[in-house]
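Undergrad: Quick one: the structure is below, questions incoming.
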Amino acid sequence: MQRKIFEVVKLVNDSLATIIGINEASYKVEVVDKNGKRKQITEINENDIQDVIIKK
């Protein structure tokens, strides 16, 4: 696990997400749309992350 809480990442499906929790094998993230509206809270793994937008 390389990421930290509150980093903003771009997902492989071109959505943006903020990491709000870290588990042993996954990240709990809040996914937002292009306007910044929350779409869902879900869990992803390292393979779902394309790029880091904002690093803490």
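A note on labels: chains of the structure tokens are A, B, ... as shown, every chain counts residues from 1, and ligands are counted from 1 in their shown order.
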Name the residues in contact with range 22-33 of chain A at a cut-off of 6 Å, using only C-alpha atoms, excluding same-chain residues fewer than 5 positions from it; report them as a list of chain:residue names.
TA: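 Near range 22-33 of chain A, the qualifying residues are A:Leu16, A:Ala17, A:Arg38, A:Lys39, A:Gln40, A:Ile41, A:Thr42, A:Glu43, A:Ile44, A:Asn45.
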Undergrad: Considering only C-alpha atoms, state which residue in the set A:Glu7, A:Gln2, A:Val12, A:Asn35 is at the smallest distance from Gln50 in chain A.
TA: A:Val12
Undergrad: Can you tell me which residues surround Val8 in chain A at a distance of at most 8 Å, considering only C-alpha atoms, apart from same-chain residues fewer than 2 positions away, and format the answer as a compact mmCIF listing (two decimals) with N, CA and C atoms, in the first residue's frame?
TA:
# COMPACT_ATOMS: atom_id res chain seq x y z
N PHE A 6 -6.50 10.93 2.17
CA PHE A 6 -6.80 12.25 1.62
C PHE A 6 -6.05 12.57 0.34
N LYS A 10 -6.73 9.63 -9.81
CA LYS A 10 -7.52 9.41 -11.02
C LYS A 10 -7.62 7.91 -11.23
N LEU A 16 -12.48 10.70 -10.59
CA LEU A 16 -11.57 11.13 -9.53
C LEU A 16 -12.08 10.58 -8.21
N ALA A 17 -11.15 10.31 -7.30
CA ALA A 17 -11.53 9.76 -6.01
C ALA A 17 -10.58 10.26 -4.94
N THR A 18 -11.13 10.44 -3.73
CA THR A 18 -10.34 10.81 -2.57
C THR A 18 -10.25 9.59 -1.66
N ILE A 19 -9.05 9.25 -1.26
CA ILE A 19 -8.85 8.11 -0.36
C ILE A 19 -9.27 8.52 1.04
N VAL A 52 -1.88 9.78 -9.54
CA VAL A 52 -2.14 10.56 -8.34
C VAL A 52 -2.24 12.03 -8.75
N ILE A 53 -3.34 12.68 -8.39
CA ILE A 53 -3.57 14.08 -8.75
C ILE A 53 -3.00 15.00 -7.67
N ILE A 54 -3.37 14.77 -6.42
CA ILE A 54 -2.88 15.57 -5.30
C ILE A 54 -2.28 14.63 -4.26
N LYS A 55 -1.00 14.84 -3.96
CA LYS A 55 -0.30 14.04 -2.97
C LYS A 55 -0.20 14.81 -1.67
Undergrad: Taking the DSSP assignment computed from this structure's backbone, write out as a PyMOL selection string all residues of chain A that belong to strand (DSSP E).
TA: chain A and resi 8-11+16-22+27-32+38-44+49-54
